[in-house]
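Below: target_0.csv (CSV, C-alpha atoms)
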chain,number,residue,atom,x,y,z
A,1,MET,CA,0.0,0.0,0.0
A,2,ASN,CA,1.6,3.2,-1.2
A,3,LEU,CA,1.6,6.0,1.4
A,4,THR,CA,1.3,9.7,0.5
A,5,PRO,CA,3.3,11.3,3.3
A,6,ASP,CA,3.1,15.0,4.3
A,7,TRP,CA,6.7,15.1,5.4
A,8,GLU,CA,7.7,17.5,8.1
A,9,TYR,CA,11.2,18.5,9.2
A,10,VAL,CA,12.2,18.2,12.9
A,11,ALA,CA,15.7,18.8,14.4
A,12,ASP,CA,17.4,18.6,17.8
A,13,ARG,CA,16.9,22.4,18.1
A,14,VAL,CA,13.5,21.6,19.7
A,15,MET,CA,15.7,20.3,22.6
A,16,GLY,CA,18.4,22.9,22.5
A,17,GLY,CA,20.7,21.2,20.0
A,18,VAL,CA,22.4,22.9,17.1
A,19,SER,CA,22.0,20.5,14.2
A,20,SER,CA,20.6,22.2,11.0
A,21,GLY,CA,18.9,21.0,7.9
A,22,GLN,CA,15.9,21.0,5.7
A,23,ILE,CA,13.6,19.0,3.6
A,24,SER,CA,12.7,19.8,0.0
A,25,ALA,CA,10.7,18.3,-2.9
A,26,GLU,CA,13.2,17.7,-5.7
A,27,VAL,CA,13.9,15.6,-8.7
A,28,VAL,CA,16.8,13.4,-7.6
A,29,GLU,CA,18.5,11.3,-10.3
A,30,GLY,CA,15.3,11.3,-12.4
A,31,GLN,CA,12.9,10.5,-9.5
A,32,ASP,CA,10.5,12.9,-7.7
A,33,ALA,CA,11.5,12.7,-4.1
A,34,THR,CA,11.6,14.3,-0.7
A,35,ARG,CA,15.2,15.1,0.3
A,36,LEU,CA,16.5,15.5,3.8
A,37,THR,CA,19.8,17.4,4.0
A,38,GLY,CA,21.7,18.9,6.9
A,39,ASP,CA,24.6,18.8,9.3
A,40,VAL,CA,24.2,16.7,12.5
A,41,SER,CA,26.0,18.2,15.5
A,42,LEU,CA,26.4,16.6,18.9
A,43,ASP,CA,26.9,20.0,20.5
A,44,ASN,CA,24.5,21.0,23.3
A,45,ASN,CA,23.4,17.3,23.7
A,46,GLY,CA,22.0,17.4,20.2
A,47,GLY,CA,22.5,15.0,17.4
A,48,PHE,CA,19.7,14.6,14.8
A,49,VAL,CA,17.8,15.9,11.8
A,50,GLN,CA,14.6,14.2,10.8
A,51,MET,CA,11.8,14.0,8.3
A,52,ALA,CA,8.6,12.3,9.5
A,53,PHE,CA,4.9,12.1,8.9
A,54,ASP,CA,1.7,10.9,10.6
A,55,LEU,CA,-0.2,8.2,8.9
A,56,GLN,CA,-3.5,9.8,9.7
A,57,PRO,CA,-4.2,13.5,9.3
A,58,ASP,CA,-5.3,13.8,12.9
A,59,GLY,CA,-2.3,11.9,14.3
A,60,SER,CA,-4.4,8.9,15.4
A,61,ALA,CA,-3.4,5.3,15.0
A,62,PHE,CA,-3.5,3.4,11.7
A,63,ASP,CA,-4.1,-0.3,11.7
A,64,ALA,CA,-1.1,-1.7,9.8
A,65,SER,CA,-1.5,-5.3,11.1
A,66,ALA,CA,-2.3,-6.6,7.6
A,67,PHE,CA,1.2,-5.6,6.5
A,68,GLU,CA,4.7,-7.1,7.1
A,69,GLY,CA,6.8,-4.0,7.1
A,70,VAL,CA,7.9,-0.7,5.4
A,71,GLU,CA,9.2,-0.5,1.9
A,72,ILE,CA,11.2,2.6,0.9
A,73,SER,CA,12.9,3.7,-2.3
A,74,VAL,CA,15.9,5.7,-1.2
A,75,PHE,CA,18.9,7.5,-2.6
A,76,GLY,CA,21.6,8.9,-0.4
A,77,ASN,CA,25.2,9.6,0.3
A,78,GLY,CA,26.2,6.1,1.5
A,79,GLU,CA,25.6,6.9,5.2
A,80,ALA,CA,23.5,4.9,7.7
A,81,TYR,CA,20.1,6.4,8.7
A,82,ASP,CA,17.4,5.4,11.2
A,83,LEU,CA,13.9,4.4,10.3
A,84,ARG,CA,11.6,5.0,13.2
A,85,LEU,CA,8.1,4.0,14.0
A,86,ARG,CA,5.9,5.5,16.6
A,87,THR,CA,2.6,4.0,17.9
A,88,ASP,CA,-0.1,5.4,20.1
A,89,GLN,CA,1.4,3.3,22.9
A,90,LEU,CA,4.3,5.8,23.2
A,91,THR,CA,3.9,8.9,25.4
A,92,ARG,CA,7.4,10.4,25.4
A,93,PRO,CA,9.1,12.0,22.3
A,94,TRP,CA,12.3,9.9,22.8
A,95,GLN,CA,10.5,6.6,22.7
A,96,SER,CA,10.3,4.7,19.4
A,97,PHE,CA,10.7,1.5,17.5
A,98,ARG,CA,13.8,1.7,15.4
A,99,THR,CA,16.1,0.1,12.9
A,100,ASP,CA,18.8,1.5,10.6
A,101,PHE,CA,19.5,1.2,6.9
A,102,ASN,CA,22.1,2.3,4.5
A,103,ALA,CA,21.2,4.9,1.8
A,104,PRO,CA,23.5,4.1,-1.2
A,105,PRO,CA,24.2,6.6,-4.0
A,106,GLU,CA,21.8,5.0,-6.4
A,107,TRP,CA,18.0,4.4,-6.1
A,108,THR,CA,17.4,1.3,-4.0
A,109,THR,CA,14.2,-0.2,-2.8
A,110,LEU,CA,14.4,-1.6,0.8
A,111,ARG,CA,11.9,-3.8,2.5
A,112,ILE,CA,12.2,-3.5,6.2
A,113,PRO,CA,10.1,-6.0,8.2
A,114,PHE,CA,8.3,-4.9,11.3
A,115,ASP,CA,10.0,-7.6,13.3
A,116,THR,CA,13.4,-5.9,12.8
A,117,PHE,CA,12.5,-2.8,14.7
A,118,GLN,CA,13.8,-2.6,18.3
A,119,SER,CA,12.1,-0.9,21.2
A,120,HIS,CA,13.9,2.2,22.4
A,121,LYS,CA,13.4,3.7,25.9
A,122,THR,CA,10.1,1.8,26.3
A,123,ASP,CA,8.9,-1.5,27.6
A,124,ALA,CA,6.2,-1.6,24.9
A,125,THR,CA,6.2,-4.2,22.2
A,126,PHE,CA,5.6,-2.9,18.7
A,127,ASP,CA,2.0,-3.4,17.7
A,128,PRO,CA,1.4,-2.6,14.0
A,129,ALA,CA,-2.3,-2.1,14.7
A,130,ARG,CA,-1.3,1.0,16.6
A,131,LEU,CA,1.1,2.6,14.1
A,132,ARG,CA,0.9,6.4,14.1
A,133,ARG,CA,4.1,8.0,12.7
A,134,ILE,CA,7.1,7.1,10.5
A,135,GLY,CA,10.4,9.0,10.5
A,136,ILE,CA,13.8,8.9,8.8
A,137,LEU,CA,16.6,10.3,10.9
A,138,ALA,CA,20.2,11.3,10.5
A,139,ILE,CA,21.3,10.8,14.1
A,140,GLY,CA,23.9,10.0,16.7
A,141,ARG,CA,27.2,11.2,15.1
A,142,GLU,CA,28.5,14.3,13.4
A,143,PHE,CA,28.0,14.0,9.7
A,144,SER,CA,26.4,15.6,6.7
A,145,ALA,CA,23.0,14.1,5.9
A,146,ASP,CA,21.7,13.7,2.4
A,147,VAL,CA,18.9,11.1,1.9
A,148,SER,CA,16.0,11.2,-0.5
A,149,VAL,CA,12.8,9.1,-0.5
A,150,ALA,CA,10.9,8.7,-3.8
A,151,ARG,CA,8.3,6.2,-2.4
A,152,ILE,CA,7.3,4.8,1.0
A,153,ALA,CA,4.8,2.0,1.4
A,154,LEU,CA,3.5,-0.7,3.7
A,155,TYR,CA,4.0,-4.2,2.2
Write-out of the structure in structure tokens:
Amino acid sequence: MNLTPDWEYVADRVMGGVSSGQISAEVVEGQDATRLTGDVSLDNNGGFVQMAFDLQPDGSAFDASAFEGVEISVFGNGEAYDLRLRTDQLTRPWQSFRTDFNAPPEWTTLRIPFDTFQSHKTDATFDPARLRRIGILAIGREFSADVSVARIALY
């Protein structure tokens, strides 16, 4: 099931960090895409730039239990990025279910099964019936982020 995300940009500045970046709609190597670029800094306890979207316009849960995972078509700078899922089970902004992926410098379609996501700072177990938000993050180390997404879907 193809998703039609309304991507939004979020950075560690919401917590006092100094990372900077942006998202933009661009044609990247012949594909219409949303591109996240920026510089991740660990200064001031920061360390991320992100593009994310809610699955429902009102931010409520979406029942993804009929699907096995997330499929993304990505193009990047060869760096590792995080794919994060949030459910309505999570109450704190630092809680998530996460896995990482590499964004190679050619268009690549990745299938990432739900069972590869790890709980982070929560005792909750991932429940796809309660999926609310999907995010792609450049996080955890100082580097220049450059990752584009042409398509994101549930499979």
Selection: 8 Å around A:Leu137, only C-alpha atoms, excl. self and same-chain fewer than 2 positions, as JSON, numbers by chain: {"A": [48, 49, 50, 51, 81, 82, 83, 84, 135, 139]}
Length of the atom CA of A:Ala124 to atom CA of A:Glu79 vector [Å]: 28.9 Å
Option closest in space to A:Ala52, from A:Arg111, A:Arg35, A:Lys121, A:Arg133 [counting only C-alpha atoms]: A:Arg133
Using all atoms listed in the file: which of A:Leu90, A:Ala80, A:Ala64, A:Val28 has the shortest distance to A:Glu106: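 For A:Glu106, the nearest of the given residues is A:Val28.
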Distance query A:Thr125 at most 12 Å, only C-alpha atoms, self and fewer than 5 positions along chain excluded, as a list of chain:residue names: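 Counting only C-alpha atoms, the residues come to A:Leu85, A:Arg86, A:Thr87, A:Asp88, A:Gln89, A:Leu90, A:Gln95, A:Ser96, A:Phe97, A:Arg98, A:Phe114, A:Asp115, A:Thr116, A:Phe117, A:Gln118, A:Ser119, A:His120, A:Arg130, A:Leu131.
Shortest atom-to-atom contact with A:Gln56 among A:Asp6, A:Asp146, A:Glu68, A:Asp123: A:Asp6, counting only C-alpha atoms.
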Residue nearest A:Ile112 among A:Ala138, A:Leu55, A:Ile72, A:Ala25 (counting all atoms listed in the file):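 Selected residue with least distance to A:Ile112: A:Ile72.
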Minimum-distance residue to A:Pro104, chosen among A:Asn77, A:Ser144, A:Thr37, A:Asn2 (using all atoms listed in the file): A:Asn77
Atomic separation - atom CA of A:Tyr155 relative to atom CA of A:Gly30, Å: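 Pair atom CA of A:Gly30 / atom CA of A:Tyr155 returns 24.1 Å.
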Distance of atom CA of A:Glu29 from atom CA of A:Gly140, expressed in Å to one decimal place: 27.6 Å
Residue among A:Val74, A:Ala150, A:Val40, A:Met1 lying closest to A:Gln22, counting only C-alpha atoms: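 Smallest separation from A:Gln22 among the options: A:Val40.
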Distance query A:Thr4 at most 9 Å, all atoms listed in the file, self and fewer than 3 positions along chain excluded, as a list of chain:residue names: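 Counting only the stated atoms, we get A:Leu55, A:Arg151, A:Ile152, A:Ala153.
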Sel. within 10 Å of pt (23.9, 18.0, 21.5), counting only C-alpha atoms, output as a PyMOL selection string: chain A and resi 12-13+15-19+40-48+140-141
Where atoms are lacking, stretch 11-22 of chain A completed to all heavy atoms, as a PDB file, in the coordinates of the input:
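Here's the written file rebuild-v5.pdb:
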ATOM      1  N   ALA A  11      14.278  18.894  14.004  1.00  0.00           N
ATOM      2  CA  ALA A  11      15.700  18.800  14.400  1.00  0.00           C
ATOM      3  C   ALA A  11      15.843  18.832  15.888  1.00  0.00           C
ATOM      4  O   ALA A  11      14.901  19.153  16.614  1.00  0.00           O
ATOM      5  CB  ALA A  11      16.525  19.854  13.713  1.00  0.00           C
ATOM      6  N   ASP A  12      17.068  18.567  16.336  1.00  0.00           N
ATOM      7  CA  ASP A  12      17.400  18.600  17.800  1.00  0.00           C
ATOM      8  C   ASP A  12      17.224  19.977  18.381  1.00  0.00           C
ATOM      9  O   ASP A  12      17.232  20.122  19.594  1.00  0.00           O
ATOM     10  CB  ASP A  12      18.736  18.011  18.053  1.00  0.00           C
ATOM     11  CG  ASP A  12      19.858  18.737  17.329  1.00  0.00           C
ATOM     12  OD1 ASP A  12      19.668  19.883  16.853  1.00  0.00           O
ATOM     13  OD2 ASP A  12      20.957  18.151  17.239  1.00  0.00           O
ATOM     14  N   ARG A  13      17.034  21.000  17.572  1.00  0.00           N
ATOM     15  CA  ARG A  13      16.900  22.400  18.100  1.00  0.00           C
ATOM     16  C   ARG A  13      15.660  22.464  19.021  1.00  0.00           C
ATOM     17  O   ARG A  13      15.627  23.330  19.891  1.00  0.00           O
ATOM     18  CB  ARG A  13      16.762  23.369  16.953  1.00  0.00           C
ATOM     19  CG  ARG A  13      18.079  23.514  16.216  1.00  0.00           C
ATOM     20  CD  ARG A  13      17.975  24.471  15.027  1.00  0.00           C
ATOM     21  NE  ARG A  13      19.241  24.534  14.339  1.00  0.00           N
ATOM     22  CZ  ARG A  13      20.100  25.542  14.442  1.00  0.00           C
ATOM     23  NH1 ARG A  13      19.820  26.571  15.202  1.00  0.00           N
ATOM     24  NH2 ARG A  13      21.224  25.507  13.779  1.00  0.00           N
ATOM     25  N   VAL A  14      14.686  21.557  18.844  1.00  0.00           N
ATOM     26  CA  VAL A  14      13.500  21.600  19.700  1.00  0.00           C
ATOM     27  C   VAL A  14      13.932  21.215  21.175  1.00  0.00           C
ATOM     28  O   VAL A  14      13.186  21.459  22.105  1.00  0.00           O
ATOM     29  CB  VAL A  14      12.397  20.603  19.264  1.00  0.00           C
ATOM     30  CG1 VAL A  14      11.891  20.994  17.897  1.00  0.00           C
ATOM     31  CG2 VAL A  14      12.851  19.154  19.276  1.00  0.00           C
ATOM     32  N   MET A  15      15.158  20.641  21.320  1.00  0.00           N
ATOM     33  CA  MET A  15      15.700  20.300  22.600  1.00  0.00           C
ATOM     34  C   MET A  15      16.936  21.045  23.002  1.00  0.00           C
ATOM     35  O   MET A  15      17.645  20.670  23.920  1.00  0.00           O
ATOM     36  CB  MET A  15      15.991  18.773  22.664  1.00  0.00           C
ATOM     37  CG  MET A  15      14.861  17.886  22.234  1.00  0.00           C
ATOM     38  SD  MET A  15      15.280  16.124  22.075  1.00  0.00           S
ATOM     39  CE  MET A  15      17.025  16.066  21.858  1.00  0.00           C
ATOM     40  N   GLY A  16      17.260  22.086  22.246  1.00  0.00           N
ATOM     41  CA  GLY A  16      18.400  22.900  22.500  1.00  0.00           C
ATOM     42  C   GLY A  16      19.674  22.519  21.733  1.00  0.00           C
ATOM     43  O   GLY A  16      20.730  23.127  21.900  1.00  0.00           O
ATOM     44  N   GLY A  17      19.569  21.529  20.843  1.00  0.00           N
ATOM     45  CA  GLY A  17      20.700  21.200  20.000  1.00  0.00           C
ATOM     46  C   GLY A  17      20.936  22.186  18.908  1.00  0.00           C
ATOM     47  O   GLY A  17      20.181  23.153  18.758  1.00  0.00           O
ATOM     48  N   VAL A  18      21.988  21.968  18.117  1.00  0.00           N
ATOM     49  CA  VAL A  18      22.400  22.900  17.100  1.00  0.00           C
ATOM     50  C   VAL A  18      22.470  22.330  15.693  1.00  0.00           C
ATOM     51  O   VAL A  18      23.007  22.961  14.793  1.00  0.00           O
ATOM     52  CB  VAL A  18      23.664  23.686  17.459  1.00  0.00           C
ATOM     53  CG1 VAL A  18      23.477  24.493  18.739  1.00  0.00           C
ATOM     54  CG2 VAL A  18      24.833  22.718  17.593  1.00  0.00           C
ATOM     55  N   SER A  19      21.966  21.127  15.510  1.00  0.00           N
ATOM     56  CA  SER A  19      22.000  20.500  14.200  1.00  0.00           C
ATOM     57  C   SER A  19      21.089  21.386  13.261  1.00  0.00           C
ATOM     58  O   SER A  19      20.124  22.007  13.715  1.00  0.00           O
ATOM     59  CB  SER A  19      21.465  19.097  14.198  1.00  0.00           C
ATOM     60  OG  SER A  19      22.308  18.287  14.990  1.00  0.00           O
ATOM     61  N   SER A  20      21.433  21.409  11.981  1.00  0.00           N
ATOM     62  CA  SER A  20      20.600  22.200  11.000  1.00  0.00           C
ATOM     63  C   SER A  20      20.372  21.391   9.793  1.00  0.00           C
ATOM     64  O   SER A  20      21.153  20.517   9.426  1.00  0.00           O
ATOM     65  CB  SER A  20      21.389  23.491  10.674  1.00  0.00           C
ATOM     66  OG  SER A  20      22.608  23.181  10.021  1.00  0.00           O
ATOM     67  N   GLY A  21      19.243  21.689   9.155  1.00  0.00           N
ATOM     68  CA  GLY A  21      18.900  21.000   7.900  1.00  0.00           C
ATOM     69  C   GLY A  21      17.619  21.469   7.358  1.00  0.00           C
ATOM     70  O   GLY A  21      17.083  22.504   7.763  1.00  0.00           O
ATOM     71  N   GLN A  22      17.117  20.691   6.404  1.00  0.00           N
ATOM     72  CA  GLN A  22      15.900  21.000   5.700  1.00  0.00           C
ATOM     73  C   GLN A  22      15.363  19.838   4.954  1.00  0.00           C
ATOM     74  O   GLN A  22      16.107  18.894   4.711  1.00  0.00           O
ATOM     75  CB  GLN A  22      16.085  22.203   4.767  1.00  0.00           C
ATOM     76  CG  GLN A  22      16.999  21.850   3.603  1.00  0.00           C
ATOM     77  CD  GLN A  22      17.226  23.021   2.663  1.00  0.00           C
ATOM     78  OE1 GLN A  22      16.793  24.123   2.916  1.00  0.00           O
ATOM     79  NE2 GLN A  22      17.921  22.765   1.568  1.00  0.00           N
TER      80      GLN A  22
END
